[in-house]
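A.B. asks: I'd like to ask some things about the structure below.
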Amino acid sequence: MRIQGVLFDGQSSKAWPAVVQRIGDNVILEYNGEVKTFARSKVTVGSRLGSAPRAIEFPGYMRFESSAHDEIDKSFGGISSFIHRLENDMSLLVVSLVALAVFCFASYMWIIPTASRWLVHKIPQSYIDELAKKTEGEWGFGETIVLAQPEQDKMDAVTARLAEKFPENRISITPVAMDGMANAFALPDGTMMVTDELLKELSTDEVLAVMMHEMGHVTYRHGLQNMAGQVIISALLFLTVGGSDITSIGQTLAGLSYSRAAEKESDLFAAKHLRDLGLKPTLLSDGLKKIERSHRSGRTRGSSKVPQFLSTHPLTEEREKYLKEL
Amino acid sequence: MLETTNPPAVPQSYPLEFRGNGKEYFKIWVVNIGLTILTLGIYSAWAKVRTRRYFYNHLYLNGQTFDYHADPIKILKGRLLIGAIIFSFSLAAFSSVFLFIPLIFFALFPYLLVRGAIFNFTNTSYRGVRFAFERNYQGSYMAALKAFLVTILTLGLGVVATNFIWKKFIADNAALGRSRFKMGGSARGFWGTVMKEPILYGIGFFILMMGVLGVGYATGLFSKEDLGKDPEGIGLVIGYSIVAVQYLFYGFLFVVFTVRSANYYAEHLGAQGVERFESKLTLWDTLMFYAEHFFLLIITLGLAWPWVQVAIMKFKSEHFAVLAQPEFFTALEQAKIENASAFGEEVASFWDFDIGF
């Protein structure tokens with residue numbers, strides 16, 4: 001079968017009319033009055049891609065181009081047309097799309113959480129301590145302060161009760177100031193921070209409940225899990241779509257959803273341990289409501305009601321609801 | 001010898017033409033993603049080559065197409081190497097080594113850029129002739145230094161001009177066969193052309209926003225007390241609208257940058273044997289084009305991505321032309337073809353740095 005096309009000789013960009021023929025294990029090329037014979041193994045046949053002309057490449061960068069796809073397929077066949085068949089088979093396309101959807105769902109539900117949990121428990125404690133030292137210095141969770149006596153007493157009481165409840169943990173709470181806002185955080189190494197305003201506004205039991213929630217973050221290593229999850233999502237996205245602005249929106253939304261799941265896990269952790277002490281789980285939601293109120297009336301009028309899917313924490317009403325139901 | 005008596009031929013305009021179509025590319029895209037998942041990411045290297053080939057093979061200039069020749073195995077090796085490095089870096093995130101990573105990256109970037117450019121250019125061809133890129137590490141480090149100084153000395157305002165510095169470095173070291181490219185113009189000229197408008201628009205936008213807020217407060221339409229009392233109501237609406245308007249404005253600036261920079265580059269790019277290049281993008285058309293396709297992406301939840309990519313390629317190529325003598329196309333000569341690993345290109349694309357024109 002004679003395949004018509006043009007030849008670029010590998011030296012210049014001049015196009016020669018040419019003919020290629022496959023005869024057994026040989027490929028015969030005719031152009032400019034010459035006839036050359038090559039072994040089939042020395043010749044590369046480009047795969048079919050859309051409607052573009054296809055290249056057959058010979059040694060010495062000689063390049064034969066032709067749009068006679070059927071003739072080329074008949075003469076050379078093979079793997080090149082396998083992918084092309086995939087791309088033109090509607091049922092395979094549907095299967096691919098379904099596989100894609102299933103994969104996204106499975107990654108979101110199981111693969112990413114499981115992988116990040118696994119990764120995080122492989123990290124030695126010494127790394128975590130070092131990381132915590134740095135974040136403490138660099139992020140700046142407000143200024144460390146000296147508390148007034150009533151707040152200091154509250155904090156000491158909570159520290160003592162936590163130490164009793166979790167004897168295997170090293171309990172350390174640092175008081176900080178944040179523009180008169182009530183808040184509390186946990187660093188990966190177990191150091192917890194609490195603002196003066198929180199100690200002022202909440203009762204001792206409520207402070208205990210909030211700090212138990214923070215203990216939940218520490219125990220489950222949520223901060224690290226979140227970092228690991230982000231690394232895994234980026235890797236998956238880079239491999240599949242090469243990354244783009246649109247996928248980064250999905251990444252952010254997924255990250256927020258994991259963050260809310262972590263908050264809930266810590267809420268339940270706190271609820272369980274409050275029960276053990278004979279206290280009500282709703283102490284936590286009472287404390288949370290006071291914290292939320294301090295943000296609304298605070299100088300930074302930041303916390304208007306954001307829809308849940310755009311938020312790092314579940315809505316407070318939602319949290320109150322499941323704590324009440326326990 | 002015979003031609004000496006003929007008058008020199010008038011250069012003709014040869015427009016670029018992209019003949020791909022969204023439906024065709026959509027199928028390729030889906031199969032790429034499907035196979036990538038089934039092979040746990042290994043196919044991604046083949047997918048990348050296939051995608052590029054699709055775009056190059058359907059891009060026509062004077063009746064002939066471009067081609068992409070990268071070896072997927074090399075790309076896979078590059079990706080695995082990056083994966084290994086990123087993995088060890090993320091472990092290093094828990095130690096002080098982490099602080100040096102940006103330094104290492106900045107120190108190696110100019111070198112990797114050249115390696116990546118060699119890989120990209122030598123693997124691209126037109127009419128059987130490969131593009132080429134010179135192994136100019138010194139120039140690359142000089143360009144990095146220049147970009148750094150421009151940014152620092154203008155207190156960050158000149159950062160847009162670094163785009164020109166890199167594009168000029170790439171153009172000046174690139175060739176199609178033995179025909180060298182050359183970028184004229186200057187960083188200052190580029191900055192003036194590309195930035196004057198956005199700065200004016202920025203000032204105008206700022207004044208407009210202030211005006212709206214001022215009128216709003218003055219007429220009591222949204223008073224401070226309301227914002228405090230009812231954070232869920234009008235405050236939220238105003239907050240979100242301001243953010244939305246801001247993003248629309250950034251999108252607008254992006255289009256202004258795209259149009260002005262593309263036209264500036266085309267006007268100042270030269271190549272041996274080419275009279276000049278032409279880019280005829282106009283602000284309004286481009287704005288409408290991007291707005292339409294952004295809307296399309298939103299309502300299809302991103303599924304229209306392949307169509308949008310094809311449409312962008314069509315749109316850009318139909319506004320670009322090469323002015324040359326007809327002989328230019330048959331007189332290109334092959335240069336020595338270098339062999340490079342894909343690592344530089346993969347690092348660059350990981351950081352979203354596009355090496356090319």
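If you're wondering about the labels, chains in the structure tokens are A, B, ... by order shown, residues count from 1 in each chain, ligands from 1 in order shown.
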Please identify which residues in segment 145-310 of chain B DSSP calls helix (DSSP H, G or I) from the backbone, and express them as a PyMOL selection string.
C.D. replies: chain B and resi 145-153+157-172+187-218+224-229+234-268+283-299+305-310
A.B. asks: Taking only C-alpha atoms into account, report as number ranges by chain which residues of chain B lie within 7 Å of chain A.
C.D. replies: B: 24, 27-28, 30-31, 33-34, 36, 41, 44, 54, 57-58, 94-95, 127-129, 231-232, 236, 329-334
A.B. asks: Skip Arg161 of chain A itself and residues of its chain fewer than 4 positions away, then list as a list in words all residues within 10 Å of it, counting only C-alpha atoms.
C.D. replies: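 Here the answer would be Met155, Asp156, Ala157, Lys165, Phe166, Pro167, Ile171, Leu208 and Leu277 of chain A.
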A.B. asks: Can you tell me which residues surround segment 259-264 of chain B at a distance of at most 8 Å, considering only C-alpha atoms, apart from same-chain residues fewer than 2 positions away, and format the answer as a list in words?
C.D. replies: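 Contacts, with the query itself left out: Phe190, Thr193, Val194, Val255, Val256, Phe257, Ala266, Glu267, His268, Glu278, Ser279, Lys280, Leu281, Thr282, Leu283 and Thr286 of chain B.
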A.B. asks: Determine which residues of segment 11-237 of chain A DSSP labels as strand (DSSP E) from the backbone of this structure, then write them out as an MDAnalysis selection string.
C.D. replies: chainID A and resid 15:23 26:31 34:39 44:45 54:58 62:66 143:144 172:177 184:186 191:195
A.B. asks: Keeping only C-alpha atoms, write the selected residues as a PDB file, in the first residue's frame.
C.D. replies:
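New file part_6.pdb:
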```pdb
ATOM      1  CA  ALA A  15       9.089  19.739   1.829  1.00  0.00           C
ATOM      2  CA  TRP A  16       9.527  16.948  -0.758  1.00  0.00           C
ATOM      3  CA  PRO A  17       6.589  15.013  -2.148  1.00  0.00           C
ATOM      4  CA  ALA A  18       7.173  11.438  -0.976  1.00  0.00           C
ATOM      5  CA  VAL A  19       5.712   7.944  -0.780  1.00  0.00           C
ATOM      6  CA  VAL A  20       6.127   5.360   1.997  1.00  0.00           C
ATOM      7  CA  GLN A  21       5.433   1.653   1.676  1.00  0.00           C
ATOM      8  CA  ARG A  22       5.622  -1.171   4.193  1.00  0.00           C
ATOM      9  CA  ILE A  23       6.827  -4.424   2.742  1.00  0.00           C
ATOM     10  CA  ASN A  26      11.060  -3.207   5.606  1.00  0.00           C
ATOM     11  CA  VAL A  27       9.834   0.306   5.063  1.00  0.00           C
ATOM     12  CA  ILE A  28      10.511   1.850   1.690  1.00  0.00           C
ATOM     13  CA  LEU A  29      10.756   5.600   1.256  1.00  0.00           C
ATOM     14  CA  GLU A  30      10.688   7.310  -2.134  1.00  0.00           C
ATOM     15  CA  TYR A  31      11.431  11.003  -2.561  1.00  0.00           C
ATOM     16  CA  GLU A  34      15.585   8.237  -4.645  1.00  0.00           C
ATOM     17  CA  VAL A  35      14.389   4.980  -3.110  1.00  0.00           C
ATOM     18  CA  LYS A  36      15.629   4.150   0.410  1.00  0.00           C
ATOM     19  CA  THR A  37      14.936   0.989   2.418  1.00  0.00           C
ATOM     20  CA  PHE A  38      14.858   0.885   6.232  1.00  0.00           C
ATOM     21  CA  ALA A  39      14.239  -1.927   8.720  1.00  0.00           C
ATOM     22  CA  THR A  44       8.911   5.340  14.427  1.00  0.00           C
ATOM     23  CA  VAL A  45       5.263   5.734  13.532  1.00  0.00           C
ATOM     24  CA  ARG A  54       0.801  12.038  11.472  1.00  0.00           C
ATOM     25  CA  ALA A  55       4.566  11.656  11.258  1.00  0.00           C
ATOM     26  CA  ILE A  56       6.639   8.621  10.349  1.00  0.00           C
ATOM     27  CA  GLU A  57      10.194   9.253  11.500  1.00  0.00           C
ATOM     28  CA  PHE A  58      13.279   7.755   9.888  1.00  0.00           C
ATOM     29  CA  MET A  62      13.980  12.451   8.398  1.00  0.00           C
ATOM     30  CA  ARG A  63      10.298  13.038   8.849  1.00  0.00           C
ATOM     31  CA  PHE A  64       7.465  11.893   6.616  1.00  0.00           C
ATOM     32  CA  GLU A  65       4.087  13.561   7.221  1.00  0.00           C
ATOM     33  CA  SER A  66       0.757  12.323   5.974  1.00  0.00           C
ATOM     34  CA  GLU A 143       1.817  38.451  73.207  1.00  0.00           C
ATOM     35  CA  THR A 144       2.638  36.389  76.233  1.00  0.00           C
ATOM     36  CA  SER A 172       1.426  23.404  79.643  1.00  0.00           C
ATOM     37  CA  ILE A 173      -0.860  26.380  79.085  1.00  0.00           C
ATOM     38  CA  THR A 174       0.527  29.763  78.060  1.00  0.00           C
ATOM     39  CA  PRO A 175      -1.582  32.898  78.592  1.00  0.00           C
ATOM     40  CA  VAL A 176      -1.586  35.388  75.669  1.00  0.00           C
ATOM     41  CA  ALA A 177      -3.424  38.604  74.730  1.00  0.00           C
ATOM     42  CA  ALA A 184      -7.527  29.135  72.555  1.00  0.00           C
ATOM     43  CA  PHE A 185      -5.128  27.099  70.398  1.00  0.00           C
ATOM     44  CA  ALA A 186      -3.042  23.976  70.567  1.00  0.00           C
ATOM     45  CA  THR A 191       1.560  23.358  74.225  1.00  0.00           C
ATOM     46  CA  MET A 192      -1.779  25.138  74.541  1.00  0.00           C
ATOM     47  CA  MET A 193      -2.481  28.827  74.482  1.00  0.00           C
ATOM     48  CA  VAL A 194      -5.370  30.713  75.960  1.00  0.00           C
ATOM     49  CA  THR A 195      -6.192  34.433  75.871  1.00  0.00           C
TER      50      THR A 195
END
```
A.B. asks: Counting only C-alpha atoms, what is within 12 Å of Val310 of chain B, bar same-chain residues fewer than 6 positions away, as a PyMOL selection string?
C.D. replies: chain B and resi 17-26+29+51-52+54-56+58-59+293+304+316-317
A.B. asks: Write the residues of the preceding selection, restricted to C-alpha atoms, as a short mmCIF file (atom, residue, chain, number, x, y, z; two decimals), in the first residue's frame.
C.D. replies:
```cif
data_model
loop_
_atom_site.label_atom_id
_atom_site.label_comp_id
_atom_site.auth_asym_id
_atom_site.auth_seq_id
_atom_site.Cartn_x
_atom_site.Cartn_y
_atom_site.Cartn_z
CA GLU B 17 -4.23 28.74 12.77
CA PHE B 18 -5.36 26.24 15.39
CA ARG B 19 -7.54 23.47 13.99
CA GLY B 20 -8.20 21.47 17.14
CA ASN B 21 -11.72 21.17 18.47
CA GLY B 22 -13.15 20.97 21.97
CA LYS B 23 -15.03 17.71 21.57
CA GLU B 24 -11.99 15.89 20.26
CA TYR B 25 -9.74 17.26 22.98
CA PHE B 26 -12.34 16.54 25.66
CA TRP B 29 -8.42 14.76 28.28
CA THR B 51 -1.73 16.84 25.37
CA ARG B 52 1.15 18.92 24.05
CA TYR B 54 -2.48 17.55 20.39
CA PHE B 55 -1.97 21.30 20.66
CA TYR B 56 1.20 21.43 18.52
CA HIS B 58 -3.18 21.04 15.26
CA LEU B 59 -1.36 24.37 15.09
CA HIS B 293 -15.35 31.40 28.93
CA ALA B 304 -15.73 22.68 30.10
CA LYS B 316 -4.65 33.56 20.58
CA SER B 317 -3.44 31.99 17.34
#
```
A.B. asks: In terms of the shortest atom-to-atom distance over only C-alpha atoms, which of B:Arg188, B:Lys167, B:Arg50, B:Lys74 is closest to Ala342 of chain B?
C.D. replies: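 Using only C-alpha atoms, Ala342 of chain B sits closest to B:Lys74.
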A.B. asks: Please provide the set of residues having any atom within 9 Å of Ser116 of chain A, restricted to only C-alpha atoms, with same-chain residues fewer than 3 positions apart removed, written as JSON, numbers by chain.
C.D. replies: {"A": [111, 112, 113, 119, 120, 121, 224, 225, 226, 227, 228, 229, 230, 231, 232]}
A.B. asks: Create the file for the chosen residues now, containing N, CA and C atoms and written as a CSV table (one decimal), in the first residue's frame.
C.D. replies:
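Written output follows (again_14.csv):
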```
chain,number,residue,atom,x,y,z
A,111,ILE,N,-9.0,8.0,51.0
A,111,ILE,CA,-7.6,7.9,50.7
A,111,ILE,C,-6.8,9.0,51.4
A,112,ILE,N,-7.3,10.3,51.3
A,112,ILE,CA,-6.5,11.4,51.8
A,112,ILE,C,-6.5,11.4,53.4
A,113,PRO,N,-7.7,11.2,54.0
A,113,PRO,CA,-7.7,11.1,55.5
A,113,PRO,C,-6.8,10.0,56.0
A,119,LEU,N,0.6,9.0,57.8
A,119,LEU,CA,1.9,9.7,57.6
A,119,LEU,C,2.2,10.4,59.0
A,120,VAL,N,1.2,11.0,59.6
A,120,VAL,CA,1.4,11.8,60.8
A,120,VAL,C,1.9,10.9,61.9
A,121,HIS,N,1.4,9.7,62.0
A,121,HIS,CA,1.8,8.9,63.1
A,121,HIS,C,3.2,8.3,62.9
A,224,LEU,N,-0.8,18.6,62.2
A,224,LEU,CA,0.1,17.9,61.3
A,224,LEU,C,-0.7,17.2,60.2
A,225,GLN,N,-1.8,16.6,60.7
A,225,GLN,CA,-2.7,15.8,59.7
A,225,GLN,C,-3.1,16.7,58.6
A,226,ASN,N,-3.5,18.0,58.9
A,226,ASN,CA,-3.9,18.9,58.0
A,226,ASN,C,-2.8,19.3,57.0
A,227,MET,N,-1.5,19.5,57.5
A,227,MET,CA,-0.4,19.8,56.6
A,227,MET,C,-0.1,18.6,55.7
A,228,ALA,N,-0.2,17.4,56.3
A,228,ALA,CA,0.1,16.2,55.5
A,228,ALA,C,-1.0,16.1,54.4
A,229,GLY,N,-2.2,16.3,54.7
A,229,GLY,CA,-3.3,16.2,53.8
A,229,GLY,C,-3.1,17.2,52.6
A,230,GLN,N,-2.7,18.4,52.9
A,230,GLN,CA,-2.5,19.4,51.8
A,230,GLN,C,-1.4,18.9,50.9
A,231,VAL,N,-0.3,18.3,51.5
A,231,VAL,CA,0.8,17.8,50.6
A,231,VAL,C,0.3,16.7,49.7
A,232,ILE,N,-0.6,15.8,50.3
A,232,ILE,CA,-1.1,14.7,49.5
A,232,ILE,C,-2.0,15.2,48.4
```
A.B. asks: Please list as a JSON list (two decimals) with C-alpha atoms, in the first residue's frame every residue within 12 Å of Ile75 of chain B, counting only C-alpha atoms and excluding residues in the same chain fewer than 6 positions away.
C.D. replies:
```json
[["chain", "number", "residue", "atom", "x", "y", "z"],
["A", 239, "LEU", "CA", -0.21, 14.03, 38.84],
["B", 42, "ILE", "CA", 2.56, 6.77, 35.87],
["B", 43, "TYR", "CA", 0.59, 7.53, 32.72],
["B", 44, "SER", "CA", 0.66, 11.25, 33.58],
["B", 45, "ALA", "CA", 3.95, 11.59, 31.70],
["B", 46, "TRP", "CA", 2.41, 10.09, 28.54],
["B", 47, "ALA", "CA", -0.67, 12.23, 29.09],
["B", 48, "LYS", "CA", 1.45, 15.36, 29.17],
["B", 49, "VAL", "CA", 3.16, 14.46, 25.89],
["B", 69, "HIS", "CA", 8.90, 14.99, 20.51],
["B", 81, "LEU", "CA", 12.78, 12.88, 41.05],
["B", 82, "ILE", "CA", 10.67, 15.93, 41.97],
["B", 116, "GLY", "CA", 14.13, 23.13, 30.99],
["B", 119, "PHE", "CA", 14.38, 20.25, 26.81],
["B", 120, "ASN", "CA", 11.31, 22.16, 25.62],
["B", 123, "ASN", "CA", 11.66, 18.72, 21.54],
["B", 340, "ALA", "CA", 18.52, 17.13, 27.93],
["B", 341, "SER", "CA", 16.68, 15.58, 30.83],
["B", 342, "ALA", "CA", 13.16, 16.74, 31.65],
["B", 343, "PHE", "CA", 13.94, 17.73, 35.24],
["B", 344, "GLY", "CA", 14.21, 21.49, 34.63],
["B", 345, "GLU", "CA", 10.99, 21.60, 32.66],
["B", 346, "GLU", "CA", 9.16, 19.59, 35.30],
["B", 347, "VAL", "CA", 10.38, 21.83, 38.11],
["B", 349, "SER", "CA", 5.87, 23.53, 35.36]]
```
A.B. asks: Would you mind telling me which residue in B:Thr65, B:Val10, B:Phe109, B:Gly83 lies nearest to Ser234 of chain A when using only C-alpha atoms?
C.D. replies: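 Ranked by minimum distance to Ser234 of chain A, first place goes to B:Gly83.
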A.B. asks: Expressed in Å to a single decimal, how great is the separation between atom CA of Ile299 of chain B and atom CA of Lys314 of chain B?
C.D. replies: 21.6 Å
A.B. asks: Grab the atom CA of Leu287 of chain B to atom CA of Pro306 of chain B distance for me, in Å with one decimal place.
C.D. replies: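 Between atom CA of Leu287 of chain B and atom CA of Pro306 of chain B the gap works out to 19.8 Å.
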